[in-house]
file my_file16.cif (mmCIF, C-alpha atoms)
data_final
#
loop_
_atom_site.label_atom_id
_atom_site.label_comp_id
_atom_site.auth_asym_id
_atom_site.auth_seq_id
_atom_site.Cartn_x
_atom_site.Cartn_y
_atom_site.Cartn_z
CA MET A 1 123.07 98.83 91.59
CA ASN A 2 121.27 99.48 94.81
CA LEU A 3 118.42 101.94 94.65
CA SER A 4 117.00 101.01 98.01
CA THR A 5 118.02 104.23 99.68
CA GLN A 6 117.24 106.51 96.75
CA PHE A 7 113.96 108.17 95.80
CA GLU A 8 112.68 107.65 99.37
CA ASN A 9 112.51 103.93 98.60
CA ASN A 10 113.56 103.12 102.14
CA GLU A 11 110.83 105.10 103.82
CA LEU A 12 108.30 103.40 106.02
CA ARG A 13 105.02 104.82 104.73
CA CYS A 14 101.94 105.30 106.82
CA LYS A 15 98.59 104.05 105.69
CA SER A 16 95.86 106.52 106.53
CA ALA A 17 92.15 106.98 106.01
CA SER A 18 89.52 109.59 105.37
CA VAL A 19 86.38 109.13 107.44
CA CYS A 20 83.47 111.08 106.00
CA THR A 21 80.43 111.48 108.22
CA LEU A 22 76.96 112.74 107.43
CA LEU A 23 74.13 113.32 109.89
CA GLY A 24 70.46 113.77 109.20
CA VAL A 25 70.82 117.25 110.63
CA MET A 26 74.28 118.64 110.23
CA PRO A 27 75.89 121.03 112.75
CA GLY A 28 74.24 124.40 112.53
CA GLY A 29 70.86 122.83 111.96
CA GLN A 30 71.29 122.26 108.25
CA ALA A 31 68.90 119.55 107.11
CA LEU A 32 70.63 117.09 104.82
CA GLU A 33 69.38 117.73 101.32
CA THR A 34 68.67 114.64 99.26
CA GLY A 35 69.38 114.24 95.58
CA VAL A 36 72.34 116.60 95.70
CA ALA A 37 76.03 115.77 95.89
CA HIS A 38 77.73 117.05 99.03
CA ILE A 39 81.43 117.38 99.74
CA VAL A 40 82.10 115.28 102.80
CA GLY A 41 85.84 114.68 102.78
CA ALA A 42 88.97 114.54 100.72
CA VAL A 43 91.53 112.16 99.26
CA PRO A 44 95.02 113.40 100.05
CA THR A 45 97.30 114.53 97.27
CA ASN A 46 99.47 111.88 95.65
CA SER A 47 97.81 108.91 97.26
CA ILE A 48 96.64 105.49 96.16
CA THR A 49 93.33 104.37 97.58
CA THR A 50 93.24 100.85 98.96
CA ASP A 51 89.90 100.10 100.63
CA TRP A 52 86.55 101.68 101.26
CA THR A 53 83.68 100.94 103.59
CA ALA A 54 80.24 102.52 103.79
CA ILE A 55 78.18 102.17 106.93
CA VAL A 56 74.79 103.38 108.11
CA ASP A 57 73.83 103.13 111.72
CA HIS A 58 70.85 104.24 113.79
CA ALA A 59 69.11 105.71 110.75
CA ASP A 60 65.35 105.89 110.41
CA THR A 61 65.35 104.04 107.09
CA ASP A 62 67.61 102.36 104.59
CA LEU A 63 69.53 104.79 102.41
CA VAL A 64 70.16 104.87 98.68
CA VAL A 65 73.46 106.62 98.10
CA SER A 66 76.12 107.36 95.57
CA VAL A 67 79.69 108.06 96.59
CA GLY A 68 82.51 109.28 94.43
CA PHE A 69 84.86 112.17 93.89
CA THR A 70 84.65 115.47 92.09
CA GLY A 71 84.20 114.67 88.43
CA ASN A 72 82.84 111.18 89.06
CA PRO A 73 80.28 111.29 91.89
CA THR A 74 79.33 107.62 91.45
CA PHE A 75 82.84 106.19 91.35
CA TRP A 76 82.66 104.00 94.46
CA LEU A 77 78.93 103.56 94.93
CA ASP A 78 76.27 104.20 92.30
CA ASN A 79 72.68 104.32 93.60
CA VAL A 80 73.31 101.54 96.08
CA THR A 81 70.91 100.69 98.89
CA LEU A 82 72.55 100.60 102.30
CA SER A 83 70.52 98.80 104.89
CA ASN A 84 70.29 100.49 108.24
CA GLY A 85 72.94 99.02 110.52
CA GLY A 86 74.71 97.40 107.61
CA THR A 87 78.01 97.90 105.87
CA ILE A 88 79.20 97.63 102.29
CA VAL A 89 82.84 97.22 101.44
CA ASN A 90 84.82 97.08 98.24
CA ASP A 91 85.74 93.72 96.71
CA ARG A 92 88.83 93.04 98.76
CA THR A 93 89.86 90.11 96.61
CA ASN A 94 90.35 92.67 93.83
CA PRO A 95 92.76 95.31 95.13
CA MET A 96 92.06 98.93 94.35
CA GLN A 97 94.78 100.84 92.60
CA ASP A 98 93.26 104.22 92.02
CA TYR A 99 95.80 107.00 91.99
CA PHE A 100 94.96 110.57 92.94
CA PRO A 101 97.97 112.70 92.00
CA GLU A 102 96.10 115.94 92.73
CA GLY A 103 93.89 114.60 95.49
CA SER A 104 90.16 115.16 95.29
CA ASP A 105 87.07 115.97 97.23
CA ILE A 106 84.88 113.04 98.23
CA VAL A 107 81.22 113.61 97.42
CA VAL A 108 78.14 111.80 98.66
CA THR A 109 74.62 111.95 97.26
CA VAL A 110 71.76 110.62 99.35
CA HIS A 111 69.11 109.79 96.79
CA SER A 112 66.45 108.56 99.19
CA GLY A 113 65.98 107.54 102.78
CA TYR A 114 66.13 109.41 106.05
CA LEU A 115 69.02 109.40 108.47
CA GLY A 116 67.09 110.85 111.39
CA GLU A 117 69.31 110.64 114.46
CA GLY A 118 71.64 108.20 112.73
CA ARG A 119 74.72 108.70 110.69
CA PHE A 120 76.27 107.68 107.42
CA ARG A 121 79.98 107.10 107.17
CA PHE A 122 82.22 106.52 104.21
CA GLN A 123 85.71 105.42 105.07
CA LEU A 124 88.43 105.43 102.45
CA SER A 125 91.93 104.14 103.13
CA HIS A 126 94.94 105.32 101.20
CA THR A 127 98.69 105.03 101.04
CA GLU A 128 100.62 108.19 100.38
CA LEU A 129 103.33 108.17 97.77
CA GLU A 130 104.96 111.07 99.53
CA THR A 131 105.25 111.33 103.26
CA LYS A 132 102.82 114.06 104.15
CA LEU A 133 101.75 113.35 107.69
CA GLY A 134 101.05 116.63 109.37
CA LYS A 135 100.27 118.54 106.21
CA TYR A 136 97.20 119.59 104.28
CA THR A 137 96.29 118.35 100.84
CA ALA A 138 94.02 121.16 99.85
CA MET B 1 75.99 121.20 96.79
CA ALA B 2 76.84 121.69 100.42
CA ASN B 3 80.39 121.54 101.63
CA TYR B 4 80.71 119.52 104.81
CA LEU B 5 84.46 119.04 104.51
CA ARG B 6 85.23 121.07 107.64
CA GLN B 7 82.39 119.66 109.71
CA LEU B 8 82.24 116.53 111.84
CA ARG B 9 86.03 116.16 111.54
CA ASN B 10 85.60 115.01 107.95
CA ASP B 11 88.89 116.62 106.96
CA GLU B 12 90.98 114.69 109.46
CA LYS B 13 93.50 112.16 108.34
CA ARG B 14 92.88 109.04 110.39
CA GLY B 15 95.55 106.54 111.24
CA VAL B 16 95.22 102.95 110.06
CA TYR B 17 96.74 100.55 112.55
CA ALA B 18 97.04 96.84 113.09
CA GLU B 19 97.06 94.63 116.12
CA VAL B 20 98.59 91.18 115.99
CA PHE B 21 97.57 88.35 118.27
CA THR B 22 99.97 85.39 118.34
CA VAL B 23 99.17 81.87 119.49
CA LYS B 24 101.98 79.33 119.74
CA ALA B 25 101.97 75.63 120.41
CA GLY B 26 103.07 74.89 123.92
CA ASP B 27 101.67 78.11 125.32
CA PHE B 28 98.65 76.38 126.80
CA SER B 29 98.96 75.10 130.31
CA GLU B 30 98.82 71.38 130.96
CA GLU B 31 95.60 71.90 132.87
CA ALA B 32 93.84 73.50 129.90
CA THR B 33 90.86 71.68 128.47
CA THR B 34 88.79 72.00 125.32
CA ALA B 35 86.05 73.59 127.39
CA ASP B 36 88.22 76.53 128.38
CA SER B 37 88.32 80.00 126.89
CA PHE B 38 91.51 82.01 126.55
CA LEU B 39 92.16 85.72 126.42
CA VAL B 40 94.70 86.58 123.71
CA GLY B 41 94.56 90.34 123.65
CA ARG B 42 92.49 93.47 123.54
CA LEU B 43 91.38 95.61 120.65
CA ASP B 44 91.71 99.34 120.95
CA GLY B 45 88.53 101.19 121.84
CA SER B 46 86.68 103.41 119.37
CA CYS B 47 87.86 101.87 116.15
CA PHE B 48 86.48 100.48 112.91
CA THR B 49 87.89 97.16 111.89
CA GLN B 50 88.94 97.09 108.28
CA ARG B 51 90.49 93.71 107.62
CA ILE B 52 90.92 90.61 109.71
CA TYR B 53 93.15 87.81 108.58
CA ALA B 54 95.10 84.87 109.90
CA VAL B 55 98.58 83.70 109.06
CA VAL B 56 99.61 80.19 110.02
CA LYS B 57 103.36 80.71 110.15
CA THR B 58 104.15 77.21 111.35
CA PRO B 59 101.43 74.60 110.85
CA PHE B 60 100.06 72.82 113.87
CA PRO B 61 99.46 69.04 113.71
CA ALA B 62 96.41 67.74 111.86
CA GLY B 63 93.21 68.16 113.84
CA SER B 64 94.32 71.42 115.41
CA THR B 65 91.52 73.96 115.37
CA LEU B 66 90.25 76.87 117.39
CA THR B 67 87.70 79.64 117.28
CA ILE B 68 88.79 83.25 117.74
CA GLY B 69 86.64 86.32 118.09
CA HIS B 70 85.78 89.27 120.25
CA ILE B 71 83.99 88.88 123.51
CA ASN B 72 80.67 90.51 122.91
CA ASP B 73 79.04 90.80 126.28
CA LYS B 74 80.00 92.12 129.65
CA THR B 75 79.96 88.71 131.26
CA GLY B 76 82.82 87.59 129.06
CA LEU B 77 81.11 84.33 128.28
CA SER B 78 80.13 84.82 124.67
CA ILE B 79 82.49 85.15 121.72
CA ALA B 80 81.43 86.60 118.38
CA PRO B 81 83.65 84.53 116.11
CA TRP B 82 85.91 85.87 113.40
CA PHE B 83 87.15 82.39 112.51
CA THR B 84 85.15 79.36 113.58
CA ASP B 85 86.95 76.04 114.01
CA PHE B 86 89.87 77.55 112.18
CA ASP B 87 92.23 74.89 110.76
CA LEU B 88 95.72 75.53 112.11
CA SER B 89 97.35 72.72 110.13
CA VAL B 90 97.46 74.58 106.82
CA ALA B 91 100.14 77.24 106.33
CA GLY B 92 99.38 80.55 104.74
CA PRO B 93 97.38 83.73 105.10
CA ILE B 94 93.60 83.54 105.08
CA GLU B 95 91.25 86.48 104.90
CA GLY B 96 88.71 86.70 107.65
CA PRO B 97 85.31 88.37 107.81
CA ILE B 98 85.22 91.67 105.98
CA ASP B 99 82.14 93.28 107.44
CA GLN B 100 83.22 96.36 109.23
CA MET B 101 82.73 96.34 112.97
CA LEU B 102 82.70 99.34 115.25
CA PHE B 103 84.19 98.84 118.68
CA ALA B 104 83.14 101.69 120.93
CA ALA B 105 85.17 100.46 123.88
CA ILE B 106 88.25 98.34 124.41
CA SER B 107 87.25 94.79 123.59
CA ALA B 108 88.75 91.52 124.71
CA ILE B 109 89.83 89.03 122.06
CA GLY B 110 89.47 85.41 123.01
CA LEU B 111 89.80 81.81 121.92
CA THR B 112 87.24 79.10 122.43
CA ASP B 113 86.62 75.57 121.15
CA VAL B 114 90.35 74.91 121.21
CA SER B 115 90.78 71.31 120.08
CA GLN B 116 92.74 68.74 122.05
CA ASP B 117 95.24 68.48 119.19
CA THR B 118 95.89 72.21 119.51
CA LEU B 119 96.35 71.95 123.24
CA ASP B 120 98.73 69.01 122.82
CA ALA B 121 100.73 70.48 119.93
CA VAL B 122 104.43 71.09 120.41
CA VAL B 123 104.95 72.76 117.02
CA GLY B 124 102.86 75.52 115.49
CA GLU B 125 102.41 79.26 115.39
CA VAL B 126 99.50 81.32 114.13
CA GLN B 127 99.00 85.07 114.09
CA PHE B 128 95.71 86.90 113.78
CA ILE B 129 95.93 90.41 112.38
CA VAL B 130 93.26 93.05 112.79
CA GLU B 131 93.57 96.25 110.78
CA TYR B 132 91.50 99.13 112.00
CA VAL B 133 90.89 102.81 111.52
CA GLU B 134 90.86 104.93 114.61
CA GLU B 135 87.52 106.57 115.30
CA PRO B 136 88.89 109.57 117.23
CA ALA B 137 91.63 111.09 115.11
CA THR B 138 95.00 111.16 116.82
CA THR B 139 97.33 111.10 113.85
CA GLY B 140 97.49 114.85 114.04
CA SER B 141 96.91 115.91 110.49
CA TYR B 142 94.22 116.49 107.93
CA THR B 143 93.21 115.18 104.54
CA ALA B 144 92.25 118.57 103.24
#
call {"tool": "encode", "arguments": {"input": "my_file16.cif", "output": "structure tokens"}}
result
Amino acid sequence: MNLSTQFENNELRCKSASVCTLLGVMPGGQALETGVAHIVGAVPTNSITTDWTAIVDHADTDLVVSVGFTGNPTFWLDNVTLSNGGTIVNDRTNPMQDYFPEGSDIVVTVHSGYLGEGRFRFQLSHTELETKLGKYTA
Amino acid sequence: MANYLRQLRNDEKRGVYAEVFTVKAGDFSEEATTADSFLVGRLDGSCFTQRIYAVVKTPFPAGSTLTIGHINDKTGLSIAPWFTDFDLSVAGPIEGPIDQMLFAAISAIGLTDVSQDTLDAVVGEVQFIVEYVEEPATTGSYTA
């Protein structure tokens, strides 16, 4: 029996990414509050996450951050020190297989450090189990 | 808790793309020497690299090595290596450096330290794959 053209099994899926950016002073002049989780992005509905990368550049100091999703704000990073100009990535010899059937917000907590004129980015790649390019997840 | 989802384009769904640079035996000119550098492609501007890996599809003869990387200065003389003295004689995929790199502008990808065995090879094919996330969103959709 050939199921290759059923259940969208023959679809060429796109891999996509969420890129979550924080500045020391957000648009509108909001100073970035430390010690509090902030919503900075989203995981699309019905997606499997595959890789993440955290990067700090042009900050005044190193940053201690936690990154996760609603309900588990330390899922990807838990009080981890990010050196200014450095990156941290997931263990890519150990593939991620985290499934988000309902999607989720991505939350970041800056515990200490000062971004100044720099920026923090958290990049999360995902593969969608349903083709949803061009749609919203939330 | 502040909600920055709609700021700084945080809600955009970014495309993840790959570029593939192929090097085949016999592609080097007869005048090429081990002191030469070779341009093999260009990486899209404004992107974050995500994964870099090499696949030796057809092994080159023993002793075949090269160094591949991005050209990291405007003079085009200096290569920041991704793989140094990479052994082309062993088939299979090999993961490259995993530190994320941000390329603000289109960057040239080049070969250097190409061994004489590589230059002389008549059999062999290697492909270098760079996966990257676009920095300006052009996919045209949102994550939330």
call {"tool": "residues_around", "arguments": {"input": "my_file16.cif", "residues": "Leu111 of chain B", "least_positions_apart": "3", "cutoff": "12 Å", "atoms": "only C-alpha atoms", "output": "number ranges by chain"}}
result
B: 21-23, 28, 34-41, 65-71, 76-86, 108, 114-115, 118-119, 128
call {"tool": "closest_residue", "arguments": {"input": "my_file16.cif", "among": "B:Asn72, B:Met101, B:Asp120, B:Arg42", "to": "Val89 of chain A", "atoms": "all atoms listed in the file"}}
result
B:Met101
call {"tool": "resolve_selection", "arguments": {"input": "my_file16.cif", "expression": "the PyMOL selection byres ((chain A) within 8 of (chain B))", "output": "number ranges by chain"}}
result
A: 14-22, 27, 36-44, 53, 87-89, 125, 133-138
call {"tool": "atom_distance", "arguments": {"input": "my_file16.cif", "atom1": "atom CA of Ala104 of chain B", "atom2": "atom CA of Asp60 of chain A"}}
result
21.1 Å
call {"tool": "resolve_selection", "arguments": {"input": "my_file16.cif", "expression": "the PyMOL selection byres ((chain B and resi 124) around 8)", "output": "list in words"}}
result
Lys24, Ala25, Val56, Lys57, Thr58, Pro59, Phe60, Pro61, Leu88, Ala121, Val122, Val123, Glu125 and Val126 of chain B
call {"tool": "resolve_selection", "arguments": {"input": "my_file16.cif", "expression": "the PyMOL selection byres ((chain B and resi 18) around 6)", "output": "short mmCIF file (atom, residue, chain, number, x, y, z; two decimals) with C-alpha atoms, keeping the file's coordinate frame"}}
result
data_model
loop_
_atom_site.label_atom_id
_atom_site.label_comp_id
_atom_site.auth_asym_id
_atom_site.auth_seq_id
_atom_site.Cartn_x
_atom_site.Cartn_y
_atom_site.Cartn_z
CA TYR B 17 96.74 100.55 112.55
CA GLU B 19 97.06 94.63 116.12
CA VAL B 130 93.26 93.05 112.79
CA GLU B 131 93.57 96.25 110.78
#
call {"tool": "atom_distance", "arguments": {"input": "my_file16.cif", "atom1": "atom CA of Phe120 of chain A", "atom2": "atom CA of Val56 of chain A"}}
result
4.6 Å
call {"tool": "closest_residue", "arguments": {"input": "my_file16.cif", "among": "A:Asp62, A:Glu130, A:Glu33, A:Asp51", "to": "Gly86 of chain A", "atoms": "only C-alpha atoms"}}
result
A:Asp62
call {"tool": "residues_around", "arguments": {"input": "my_file16.cif", "residues": "Pro93 of chain B", "least_positions_apart": "3", "cutoff": "7 Å", "atoms": "all atoms listed in the file", "output": "ChimeraX atom specification"}}
result
/B:53-56
call {"tool": "atom_distance", "arguments": {"input": "my_file16.cif", "atom1": "atom CA of Gln97 of chain A", "atom2": "atom CA of Ile52 of chain B"}}
result
20.3 Å
call {"tool": "axis_aligned_box", "arguments": {"input": "my_file16.cif", "around": "segment 26-40 of chain A", "padding_each_side": "4 Å", "output": "JSON"}}
result
{"center_x": 75.4, "center_y": 119.3, "center_z": 104.2, "size_x": 21.4, "size_y": 18.2, "size_z": 25.2}
call {"tool": "residues_around", "arguments": {"input": "my_file16.cif", "residues": "Gly45 of chain B", "least_positions_apart": "2", "cutoff": "7 Å", "atoms": "all atoms listed in the file", "output": "MDAnalysis selection string"}}
result
chainID B and resid 43 47 103:107
call {"tool": "build_atoms", "arguments": {"input": "my_file16.cif", "residues": "segment 52-69 of chain A", "atoms": "N, CA and C atoms", "output": "PDB file, in the frame of the given file"}}
result
ATOM      1  N   TRP A  52      87.597 100.787 100.765  1.00  0.00           N
ATOM      2  CA  TRP A  52      86.550 101.680 101.260  1.00  0.00           C
ATOM      3  C   TRP A  52      85.479 100.858 101.971  1.00  0.00           C
ATOM      4  N   THR A  53      84.796 101.533 102.861  1.00  0.00           N
ATOM      5  CA  THR A  53      83.680 100.940 103.590  1.00  0.00           C
ATOM      6  C   THR A  53      82.606 101.997 103.763  1.00  0.00           C
ATOM      7  N   ALA A  54      81.372 101.640 103.524  1.00  0.00           N
ATOM      8  CA  ALA A  54      80.240 102.520 103.790  1.00  0.00           C
ATOM      9  C   ALA A  54      79.389 101.890 104.872  1.00  0.00           C
ATOM     10  N   ILE A  55      78.938 102.710 105.797  1.00  0.00           N
ATOM     11  CA  ILE A  55      78.180 102.170 106.930  1.00  0.00           C
ATOM     12  C   ILE A  55      77.067 103.143 107.296  1.00  0.00           C
ATOM     13  N   VAL A  56      75.926 102.589 107.621  1.00  0.00           N
ATOM     14  CA  VAL A  56      74.790 103.380 108.110  1.00  0.00           C
ATOM     15  C   VAL A  56      74.387 102.802 109.454  1.00  0.00           C
ATOM     16  N   ASP A  57      74.290 103.660 110.429  1.00  0.00           N
ATOM     17  CA  ASP A  57      73.830 103.130 111.720  1.00  0.00           C
ATOM     18  C   ASP A  57      72.840 104.093 112.373  1.00  0.00           C
ATOM     19  N   HIS A  58      71.887 103.508 113.039  1.00  0.00           N
ATOM     20  CA  HIS A  58      70.850 104.240 113.790  1.00  0.00           C
ATOM     21  C   HIS A  58      70.054 105.201 112.906  1.00  0.00           C
ATOM     22  N   ALA A  59      69.916 104.865 111.635  1.00  0.00           N
ATOM     23  CA  ALA A  59      69.110 105.710 110.750  1.00  0.00           C
ATOM     24  C   ALA A  59      67.636 105.314 110.873  1.00  0.00           C
ATOM     25  N   ASP A  60      66.774 106.189 110.380  1.00  0.00           N
ATOM     26  CA  ASP A  60      65.350 105.890 110.410  1.00  0.00           C
ATOM     27  C   ASP A  60      64.969 104.878 109.334  1.00  0.00           C
ATOM     28  N   THR A  61      65.666 104.932 108.216  1.00  0.00           N
ATOM     29  CA  THR A  61      65.350 104.040 107.090  1.00  0.00           C
ATOM     30  C   THR A  61      66.645 103.578 106.424  1.00  0.00           C
ATOM     31  N   ASP A  62      66.490 102.668 105.475  1.00  0.00           N
ATOM     32  CA  ASP A  62      67.610 102.360 104.590  1.00  0.00           C
ATOM     33  C   ASP A  62      67.923 103.596 103.756  1.00  0.00           C
ATOM     34  N   LEU A  63      69.129 103.652 103.234  1.00  0.00           N
ATOM     35  CA  LEU A  63      69.530 104.790 102.410  1.00  0.00           C
ATOM     36  C   LEU A  63      69.949 104.302 101.027  1.00  0.00           C
ATOM     37  N   VAL A  64      69.629 105.097 100.018  1.00  0.00           N
ATOM     38  CA  VAL A  64      70.160 104.870  98.680  1.00  0.00           C
ATOM     39  C   VAL A  64      71.162 105.984  98.411  1.00  0.00           C
ATOM     40  N   VAL A  65      72.401 105.602  98.185  1.00  0.00           N
ATOM     41  CA  VAL A  65      73.460 106.620  98.100  1.00  0.00           C
ATOM     42  C   VAL A  65      74.353 106.375  96.887  1.00  0.00           C
ATOM     43  N   SER A  66      75.003 107.431  96.490  1.00  0.00           N
ATOM     44  CA  SER A  66      76.120 107.360  95.570  1.00  0.00           C
ATOM     45  C   SER A  66      77.308 108.045  96.237  1.00  0.00           C
ATOM     46  N   VAL A  67      78.480 107.476  96.021  1.00  0.00           N
ATOM     47  CA  VAL A  67      79.690 108.060  96.590  1.00  0.00           C
ATOM     48  C   VAL A  67      80.773 108.068  95.522  1.00  0.00           C
ATOM     49  N   GLY A  68      81.430 109.181  95.402  1.00  0.00           N
ATOM     50  CA  GLY A  68      82.510 109.280  94.430  1.00  0.00           C
ATOM     51  C   GLY A  68      83.374 110.477  94.745  1.00  0.00           C
ATOM     52  N   PHE A  69      84.027 110.994  93.707  1.00  0.00           N
ATOM     53  CA  PHE A  69      84.860 112.170  93.890  1.00  0.00           C
ATOM     54  C   PHE A  69      84.451 113.213  92.868  1.00  0.00           C
TER      55      PHE A  69
END
